[in-house]
Each structure stands twice: as structure tokens, then as C-alpha cells.
file run_10.cif (mmCIF, C-alpha atoms)
data_final
loop_
_atom_site.label_atom_id
_atom_site.label_comp_id
_atom_site.auth_asym_id
_atom_site.auth_seq_id
_atom_site.Cartn_x
_atom_site.Cartn_y
_atom_site.Cartn_z
CA MET D 1 -53.24 -67.66 6.18
CA ARG D 2 -51.83 -70.51 4.14
CA GLU D 3 -54.29 -72.95 2.62
CA PHE D 4 -53.66 -76.62 2.07
CA SER D 5 -55.41 -79.02 -0.22
CA LEU D 6 -56.07 -82.49 1.14
CA GLN D 7 -53.37 -83.77 -1.18
CA SER D 8 -50.73 -81.34 0.06
CA PHE D 9 -51.79 -82.00 3.66
CA ALA D 10 -51.39 -85.77 3.13
CA LEU D 11 -47.97 -85.18 1.57
CA GLN D 12 -46.95 -83.01 4.53
CA LEU D 13 -48.02 -85.76 6.96
CA ALA D 14 -45.96 -88.32 5.03
CA VAL D 15 -42.89 -86.07 5.17
CA MET D 16 -43.40 -85.58 8.92
CA GLU D 17 -43.72 -89.35 9.43
CA VAL D 18 -40.35 -89.94 7.75
CA ALA D 19 -38.69 -87.17 9.77
CA VAL D 20 -40.12 -88.40 13.08
CA ARG D 21 -39.05 -91.97 12.35
CA LYS D 22 -35.50 -90.88 11.46
CA HIS D 23 -35.10 -88.86 14.64
CA VAL D 24 -36.71 -91.47 16.88
CA GLU D 25 -34.38 -94.15 15.45
CA ARG D 26 -31.41 -91.93 16.36
CA GLY D 27 -32.92 -91.43 19.82
CA LEU D 28 -33.34 -95.18 20.25
CA GLU D 29 -29.67 -95.68 19.42
CA ARG D 30 -28.71 -93.19 22.14
CA VAL D 31 -31.09 -94.80 24.64
CA ALA D 32 -29.90 -98.35 23.90
CA ALA D 33 -26.24 -97.31 24.21
CA LYS D 34 -26.99 -95.61 27.54
CA VAL D 35 -28.81 -98.66 28.96
CA GLU D 36 -26.00 -100.96 27.75
CA LYS D 37 -23.39 -98.79 29.48
CA THR D 38 -25.39 -98.69 32.71
CA ALA D 39 -25.81 -102.48 32.71
CA LYS D 40 -22.09 -103.02 32.12
CA ASP D 41 -21.19 -100.52 34.84
CA GLU D 42 -23.40 -102.30 37.39
CA VAL D 43 -21.88 -105.77 37.02
CA GLY D 44 -19.56 -106.31 39.98
CA HIS D 45 -21.43 -103.99 42.35
CA TYR D 46 -24.25 -104.87 44.73
CA LEU D 47 -27.43 -103.22 43.52
CA GLU D 48 -30.29 -101.89 45.57
CA ALA D 49 -33.84 -102.78 44.62
CA VAL D 50 -35.29 -100.65 41.83
CA GLY D 51 -38.77 -100.90 40.35
CA PRO D 52 -39.85 -104.55 40.41
CA PHE D 53 -36.25 -105.79 40.63
CA PRO D 54 -34.88 -107.07 43.95
CA ALA D 55 -31.71 -105.96 45.70
CA TRP D 56 -28.80 -108.30 45.16
CA GLU D 57 -28.09 -110.76 47.93
CA GLU D 58 -24.59 -111.08 49.36
CA LEU D 59 -22.43 -113.72 47.70
CA ALA D 60 -22.25 -117.01 49.59
CA GLU D 61 -19.05 -117.63 51.58
CA SER D 62 -18.33 -120.67 49.39
CA THR D 63 -18.58 -118.46 46.29
CA LYS D 64 -16.23 -115.89 47.79
CA GLU D 65 -13.72 -118.64 48.66
CA ASP D 66 -13.98 -120.09 45.14
CA ARG D 67 -13.42 -116.67 43.58
CA VAL D 68 -10.29 -116.07 45.65
CA ALA D 69 -8.96 -119.58 44.96
CA LYS D 70 -9.29 -118.88 41.22
CA GLY D 71 -7.46 -115.56 41.49
CA TYR D 72 -10.45 -113.20 41.40
CA THR D 73 -11.48 -110.56 43.89
CA GLU D 74 -13.60 -111.88 46.71
CA ASN D 75 -16.76 -109.84 46.52
CA ASP D 76 -17.53 -108.42 43.07
CA PRO D 77 -20.75 -110.24 42.07
CA GLY D 78 -20.87 -111.24 38.43
CA LEU D 79 -17.40 -109.95 37.68
CA ARG D 80 -14.64 -112.46 37.22
CA SER D 81 -12.86 -112.15 33.88
CA GLY D 82 -15.27 -109.46 32.63
CA ALA D 83 -16.46 -111.68 29.76
CA MET D 84 -20.07 -111.79 30.96
CA ARG D 85 -20.16 -108.01 31.44
CA ASP D 86 -18.52 -107.39 28.08
CA SER D 87 -21.03 -109.68 26.34
CA ILE D 88 -23.79 -107.12 26.94
CA GLN D 89 -24.51 -105.39 23.64
CA HIS D 90 -27.26 -103.39 21.99
CA SER D 91 -28.74 -103.20 18.54
CA VAL D 92 -31.33 -100.94 16.96
CA GLU D 93 -33.31 -101.93 13.91
CA GLY D 94 -36.00 -99.51 12.84
CA LEU D 95 -38.11 -98.68 15.88
CA ASN D 96 -36.90 -101.71 17.88
CA ALA D 97 -34.02 -101.60 20.33
CA GLN D 98 -32.54 -104.67 21.98
CA ILE D 99 -30.08 -104.77 24.86
CA GLY D 100 -28.87 -108.16 25.95
CA SER D 101 -26.28 -110.88 25.73
CA ASP D 102 -25.74 -114.25 24.11
CA ASP D 103 -23.84 -115.45 27.20
CA ASP D 104 -25.88 -118.05 29.10
CA LYS D 105 -24.18 -116.98 32.33
CA LEU D 106 -25.94 -113.63 32.15
CA VAL D 107 -29.31 -115.39 31.88
CA TRP D 108 -28.51 -117.42 35.02
CA PHE D 109 -27.25 -114.27 36.74
CA GLU D 110 -30.39 -112.29 35.79
CA LEU D 111 -32.96 -114.94 36.68
CA GLY D 112 -31.11 -116.94 39.30
CA THR D 113 -30.79 -120.70 39.55
CA SER D 114 -31.61 -123.31 42.16
CA LYS D 115 -28.28 -122.42 43.83
CA GLN D 116 -28.01 -118.70 43.10
CA PRO D 117 -30.48 -115.88 43.78
CA PRO D 118 -31.37 -113.57 40.89
CA ARG D 119 -29.13 -110.57 40.41
CA PRO D 120 -30.83 -108.68 37.59
CA VAL D 121 -28.79 -106.21 35.56
CA LEU D 122 -30.70 -105.39 32.37
CA GLY D 123 -34.10 -104.48 33.84
CA PRO D 124 -32.57 -102.28 36.53
CA ALA D 125 -30.46 -100.53 33.88
CA VAL D 126 -33.67 -99.56 32.08
CA GLU D 127 -35.28 -98.43 35.36
CA ARG D 128 -32.28 -96.29 36.27
CA ASN D 129 -32.43 -94.55 32.88
CA HIS D 130 -36.21 -94.15 32.82
CA GLU D 131 -36.22 -90.33 32.91
CA ASP D 132 -33.43 -90.00 30.33
CA ILE D 133 -35.24 -92.43 28.03
CA GLY D 134 -38.35 -90.26 28.15
CA ARG D 135 -36.39 -87.05 27.58
CA ILE D 136 -34.31 -88.44 24.71
CA LEU D 137 -37.23 -90.01 22.87
CA GLY D 138 -39.49 -87.02 23.56
CA HIS D 139 -36.87 -84.66 22.17
CA ALA D 140 -36.35 -86.90 19.13
CA THR D 141 -40.09 -86.99 18.43
CA VAL D 142 -40.51 -83.21 18.71
CA THR D 143 -37.43 -82.60 16.57
CA GLY D 144 -38.86 -84.91 13.92
CA LEU D 145 -42.25 -83.18 14.03
CA LEU D 146 -40.48 -79.87 13.53
CA GLY D 147 -38.72 -81.19 10.44
CA GLY D 148 -35.31 -81.51 12.07
CA GLN D 149 -35.42 -78.17 13.81
CA SER D 150 -34.90 -78.08 17.55
CA LEU D 151 -37.18 -76.18 19.84
CA PRO D 152 -36.10 -72.61 20.52
CA ALA D 153 -33.73 -72.55 23.52
CA HIS D 154 -36.25 -70.83 25.80
CA LEU D 155 -38.74 -73.68 25.19
CA GLU D 156 -36.26 -76.54 25.34
CA TYR D 157 -37.13 -78.93 28.18
CA ASP D 158 -33.79 -80.72 28.24
CA HIS D 159 -30.62 -79.00 27.13
CA ASP D 160 -28.55 -82.19 27.60
CA VAL D 161 -30.33 -84.12 24.88
#

call {"tool": "encode", "arguments": {"input": "run_10.cif", "output": "C-alpha cells"}}
result
Amino acid sequence: MREFSLQSFALQLAVMEVAVRKHVERGLERVAAKVEKTAKDEVGHYLEAVGPFPAWEELAESTKEDRVAKGYTENDPGLRSGAMRDSIQHSVEGLNAQIGSDDDKLVWFELGTSKQPPRPVLGPAVERNHEDIGRILGHATVTGLLGGQSLPAHLEYDHDV
């Protein structure tokens, strides 16, 4: 049996903290990229309700007519030139991940206006990736605790991570 002094135990905990942080930061990058992709993929398609987020209402006839008059497809909500969709980005800094946009149109789209019902994209993208987020971050945490070593294959709970 190997014995540890309190000093060597404290040092081991510090090393584990650094390893866990490094792996979780990598996991957050993967998670944020996945949520960003999902959000971008959903713009232009009617979404069903998920979690606390409502299903998207059908576009108004006047909106459809306006879209066609301007050379866009009739019924692809939120997708005209693709600029709003393409403005969705992610960033990871330390243990903080952000997925969003600096395009005001996405805010109006997400929350709705007095003339337009809400058609949320970002929250539903997180909801749709909920299980993957848990698996990716769980795997990253365990890998960090094991000093960068993965679990043996027969104990691995998610081979796709």
C-alpha cells in the first residue's frame, strides 16, 4: 500500500485540478460547437416545442408574400440571406461557454416582437443536445481525474465522445 503525506496528497489534488480543468475546457469547446451547429441548422425550419420553448408559429401570409416579393423562398422562417443564421457563433473562455449572436434580428427572432411571435433557436439547441452535453462533459471530467487516461473500453459509457 502506498502512503501519502499531507503535502504529497495536496500536490496530487492540485495536479488533478489542472488536468480536470484542461479536459473540461476542451469538452466545453466541443459542446459549444455542437450547440452552435444545431442552432444554425434549425434556422429556416419550423421547430416543435422542446423543454420550456414553444413550437414556432406559421409565418403570416403577409410575411410570406414579402419574402417572395424580395426573391426569397416563401416559408423558411428566419432564413433570408443567411446572415442572421451565420451570425451565430460560440466562444469558450476558461470554464465559460457562450453561444449567441451580435445580430439584433436574432434577438427579435428569439424573443418575438409586438408583430412577431417568438421563434427561439438558441435555447432549443441546448435542449436538443442535453444528453450529449452531459456525456461530453462527464467524459472530460473523468478523463481529467484519471490524469488524461481514458476509461478502459469495457467501462466506457460513451464510445462516441

call {"tool": "residues_around", "arguments": {"input": "run_10.cif", "residues": "Gln98 in chain D", "least_positions_apart": "3", "cutoff": "10 Å", "atoms": "all atoms listed in the file", "output": "count of residues only"}}
result
12

call {"tool": "resolve_selection", "arguments": {"input": "run_10.cif", "expression": "the PyMOL selection byres ((chain D and resi 127) around 12)", "output": "list in words"}}
result
Lys34, Val35, Thr38, Ala39, Glu48, Ala49, Val50, Gly51, Pro52, Phe53, Pro120, Val121, Leu122, Gly123, Pro124, Ala125, Val126, Arg128, Asn129, His130, Glu131, Asp132, Ile133 and Gly134 of chain D

call {"tool": "write_last_selection", "arguments": {"input": "run_10.cif", "atoms": "C-alpha atoms", "output": "PDB file, keeping the file's coordinate frame"}}
result
ATOM      1  CA  LYS D  34     -26.990 -95.610  27.540  1.00  0.00           C
ATOM      2  CA  VAL D  35     -28.810 -98.660  28.960  1.00  0.00           C
ATOM      3  CA  THR D  38     -25.390 -98.690  32.710  1.00  0.00           C
ATOM      4  CA  ALA D  39     -25.810-102.480  32.710  1.00  0.00           C
ATOM      5  CA  GLU D  48     -30.290-101.890  45.570  1.00  0.00           C
ATOM      6  CA  ALA D  49     -33.840-102.780  44.620  1.00  0.00           C
ATOM      7  CA  VAL D  50     -35.290-100.650  41.830  1.00  0.00           C
ATOM      8  CA  GLY D  51     -38.770-100.900  40.350  1.00  0.00           C
ATOM      9  CA  PRO D  52     -39.850-104.550  40.410  1.00  0.00           C
ATOM     10  CA  PHE D  53     -36.250-105.790  40.630  1.00  0.00           C
ATOM     11  CA  PRO D 120     -30.830-108.680  37.590  1.00  0.00           C
ATOM     12  CA  VAL D 121     -28.790-106.210  35.560  1.00  0.00           C
ATOM     13  CA  LEU D 122     -30.700-105.390  32.370  1.00  0.00           C
ATOM     14  CA  GLY D 123     -34.100-104.480  33.840  1.00  0.00           C
ATOM     15  CA  PRO D 124     -32.570-102.280  36.530  1.00  0.00           C
ATOM     16  CA  ALA D 125     -30.460-100.530  33.880  1.00  0.00           C
ATOM     17  CA  VAL D 126     -33.670 -99.560  32.080  1.00  0.00           C
ATOM     18  CA  ARG D 128     -32.280 -96.290  36.270  1.00  0.00           C
ATOM     19  CA  ASN D 129     -32.430 -94.550  32.880  1.00  0.00           C
ATOM     20  CA  HIS D 130     -36.210 -94.150  32.820  1.00  0.00           C
ATOM     21  CA  GLU D 131     -36.220 -90.330  32.910  1.00  0.00           C
ATOM     22  CA  ASP D 132     -33.430 -90.000  30.330  1.00  0.00           C
ATOM     23  CA  ILE D 133     -35.240 -92.430  28.030  1.00  0.00           C
ATOM     24  CA  GLY D 134     -38.350 -90.260  28.150  1.00  0.00           C
TER      25      GLY D 134
END

call {"tool": "resolve_selection", "arguments": {"input": "run_10.cif", "expression": "the PyMOL selection byres ((chain D and resi 76-80) around 8)", "output": "CSV table (one decimal) with C-alpha atoms, keeping the file's coordinate frame"}}
result
chain,number,residue,atom,x,y,z
D,43,VAL,CA,-21.9,-105.8,37.0
D,44,GLY,CA,-19.6,-106.3,40.0
D,45,HIS,CA,-21.4,-104.0,42.4
D,46,TYR,CA,-24.2,-104.9,44.7
D,59,LEU,CA,-22.4,-113.7,47.7
D,67,ARG,CA,-13.4,-116.7,43.6
D,72,TYR,CA,-10.4,-113.2,41.4
D,73,THR,CA,-11.5,-110.6,43.9
D,74,GLU,CA,-13.6,-111.9,46.7
D,75,ASN,CA,-16.8,-109.8,46.5
D,81,SER,CA,-12.9,-112.2,33.9
D,82,GLY,CA,-15.3,-109.5,32.6
D,83,ALA,CA,-16.5,-111.7,29.8
D,84,MET,CA,-20.1,-111.8,31.0
D,85,ARG,CA,-20.2,-108.0,31.4
D,109,PHE,CA,-27.2,-114.3,36.7

call {"tool": "atom_distance", "arguments": {"input": "run_10.cif", "atom1": "CA of Gly100 in chain D", "atom2": "CA of Gly71 in chain D"}}
result
27.5 Å

call {"tool": "resolve_selection", "arguments": {"input": "run_10.cif", "expression": "the PyMOL selection byres ((chain D and resi 26) around 12)", "output": "PyMOL selection string"}}
result
chain D and resi 19-25+27-33+91-97+136-141+143-144+148+161

call {"tool": "atom_distance", "arguments": {"input": "run_10.cif", "atom1": "CA of Lys40 in chain D", "atom2": "CA of Lys115 in chain D"}}
result
23.5 Å

call {"tool": "atom_distance", "arguments": {"input": "run_10.cif", "atom1": "CA of Ile99 in chain D", "atom2": "CA of Glu17 in chain D"}}
result
25.7 Å

call {"tool": "build_atoms", "arguments": {"input": "run_10.cif", "residues": "range 107-118 of chain D", "atoms": "all heavy atoms", "output": "mmCIF file, in the frame of the given file"}}
result
data_model
loop_
_atom_site.group_PDB
_atom_site.id
_atom_site.type_symbol
_atom_site.label_atom_id
_atom_site.label_comp_id
_atom_site.auth_asym_id
_atom_site.auth_seq_id
_atom_site.Cartn_x
_atom_site.Cartn_y
_atom_site.Cartn_z
ATOM 1 N N VAL D 107 -27.924 -114.940 31.650
ATOM 2 C CA VAL D 107 -29.310 -115.390 31.880
ATOM 3 C C VAL D 107 -29.417 -115.956 33.291
ATOM 4 O O VAL D 107 -30.336 -115.621 34.047
ATOM 5 C CB VAL D 107 -29.737 -116.443 30.839
ATOM 6 C CG1 VAL D 107 -31.124 -116.996 31.166
ATOM 7 C CG2 VAL D 107 -29.717 -115.846 29.439
ATOM 8 N N TRP D 108 -28.485 -116.812 33.684
ATOM 9 C CA TRP D 108 -28.510 -117.420 35.020
ATOM 10 C C TRP D 108 -28.342 -116.335 36.085
ATOM 11 O O TRP D 108 -28.951 -116.374 37.145
ATOM 12 C CB TRP D 108 -27.418 -118.469 35.173
ATOM 13 C CG TRP D 108 -27.491 -119.556 34.135
ATOM 14 C CD1 TRP D 108 -28.621 -120.071 33.544
ATOM 15 C CD2 TRP D 108 -26.394 -120.249 33.554
ATOM 16 N NE1 TRP D 108 -28.291 -121.039 32.636
ATOM 17 C CE2 TRP D 108 -26.924 -121.173 32.619
ATOM 18 C CE3 TRP D 108 -25.019 -120.184 33.714
ATOM 19 C CZ2 TRP D 108 -26.130 -122.029 31.867
ATOM 20 C CZ3 TRP D 108 -24.224 -121.035 32.965
ATOM 21 C CH2 TRP D 108 -24.779 -121.944 32.053
ATOM 22 N N PHE D 109 -27.485 -115.368 35.808
ATOM 23 C CA PHE D 109 -27.250 -114.270 36.740
ATOM 24 C C PHE D 109 -28.521 -113.438 36.908
ATOM 25 O O PHE D 109 -28.919 -113.118 38.025
ATOM 26 C CB PHE D 109 -26.101 -113.409 36.198
ATOM 27 C CG PHE D 109 -25.469 -112.505 37.202
ATOM 28 C CD1 PHE D 109 -24.626 -113.006 38.184
ATOM 29 C CD2 PHE D 109 -25.688 -111.148 37.163
ATOM 30 C CE1 PHE D 109 -24.022 -112.176 39.112
ATOM 31 C CE2 PHE D 109 -25.099 -110.303 38.085
ATOM 32 C CZ PHE D 109 -24.270 -110.817 39.061
ATOM 33 N N GLU D 110 -29.160 -113.097 35.786
ATOM 34 C CA GLU D 110 -30.390 -112.290 35.790
ATOM 35 C C GLU D 110 -31.528 -112.976 36.536
ATOM 36 O O GLU D 110 -32.206 -112.357 37.348
ATOM 37 C CB GLU D 110 -30.869 -112.037 34.360
ATOM 38 C CG GLU D 110 -30.118 -110.998 33.591
ATOM 39 C CD GLU D 110 -30.571 -109.590 33.873
ATOM 40 O OE1 GLU D 110 -31.770 -109.339 34.098
ATOM 41 O OE2 GLU D 110 -29.709 -108.717 33.868
ATOM 42 N N LEU D 111 -31.771 -114.229 36.194
ATOM 43 C CA LEU D 111 -32.960 -114.940 36.680
ATOM 44 C C LEU D 111 -32.706 -115.784 37.910
ATOM 45 O O LEU D 111 -33.653 -116.184 38.582
ATOM 46 C CB LEU D 111 -33.518 -115.820 35.554
ATOM 47 C CG LEU D 111 -33.892 -115.089 34.262
ATOM 48 C CD1 LEU D 111 -34.356 -116.071 33.203
ATOM 49 C CD2 LEU D 111 -34.933 -114.020 34.520
ATOM 50 N N GLY D 112 -31.440 -116.070 38.188
ATOM 51 C CA GLY D 112 -31.110 -116.940 39.300
ATOM 52 C C GLY D 112 -31.216 -118.401 38.889
ATOM 53 O O GLY D 112 -31.693 -118.736 37.811
ATOM 54 N N THR D 113 -30.737 -119.256 39.763
ATOM 55 C CA THR D 113 -30.790 -120.700 39.550
ATOM 56 C C THR D 113 -31.240 -121.325 40.869
ATOM 57 O O THR D 113 -31.522 -120.618 41.838
ATOM 58 C CB THR D 113 -29.399 -121.259 39.169
ATOM 59 O OG1 THR D 113 -28.516 -121.120 40.292
ATOM 60 C CG2 THR D 113 -28.825 -120.556 37.944
ATOM 61 N N SER D 114 -31.246 -122.637 40.911
ATOM 62 C CA SER D 114 -31.610 -123.310 42.160
ATOM 63 C C SER D 114 -30.580 -123.051 43.258
ATOM 64 O O SER D 114 -30.873 -123.183 44.441
ATOM 65 C CB SER D 114 -31.778 -124.812 41.934
ATOM 66 O OG SER D 114 -30.555 -125.379 41.491
ATOM 67 N N LYS D 115 -29.349 -122.652 42.854
ATOM 68 C CA LYS D 115 -28.280 -122.420 43.830
ATOM 69 C C LYS D 115 -27.891 -120.948 43.964
ATOM 70 O O LYS D 115 -27.099 -120.601 44.834
ATOM 71 C CB LYS D 115 -27.038 -123.223 43.437
ATOM 72 C CG LYS D 115 -27.272 -124.716 43.449
ATOM 73 C CD LYS D 115 -26.035 -125.452 43.024
ATOM 74 C CE LYS D 115 -26.304 -126.952 43.025
ATOM 75 N NZ LYS D 115 -25.150 -127.721 42.622
ATOM 76 N N GLN D 116 -28.417 -120.108 43.109
ATOM 77 C CA GLN D 116 -28.010 -118.700 43.100
ATOM 78 C C GLN D 116 -29.236 -117.803 43.009
ATOM 79 O O GLN D 116 -30.080 -118.004 42.146
ATOM 80 C CB GLN D 116 -27.099 -118.453 41.887
ATOM 81 C CG GLN D 116 -26.750 -117.001 41.670
ATOM 82 C CD GLN D 116 -25.938 -116.813 40.400
ATOM 83 O OE1 GLN D 116 -24.929 -117.457 40.207
ATOM 84 N NE2 GLN D 116 -26.397 -115.927 39.536
ATOM 85 N N PRO D 117 -29.334 -116.796 43.881
ATOM 86 C CA PRO D 117 -30.480 -115.880 43.780
ATOM 87 C C PRO D 117 -30.344 -114.994 42.535
ATOM 88 O O PRO D 117 -29.247 -114.797 42.022
ATOM 89 C CB PRO D 117 -30.367 -115.044 45.058
ATOM 90 C CG PRO D 117 -28.920 -115.077 45.398
ATOM 91 C CD PRO D 117 -28.412 -116.416 44.951
ATOM 92 N N PRO D 118 -31.456 -114.462 42.051
ATOM 93 C CA PRO D 118 -31.370 -113.570 40.890
ATOM 94 C C PRO D 118 -30.626 -112.278 41.241
ATOM 95 O O PRO D 118 -30.771 -111.740 42.332
ATOM 96 C CB PRO D 118 -32.831 -113.282 40.542
ATOM 97 C CG PRO D 118 -33.606 -113.610 41.765
ATOM 98 C CD PRO D 118 -32.814 -114.628 42.528
#
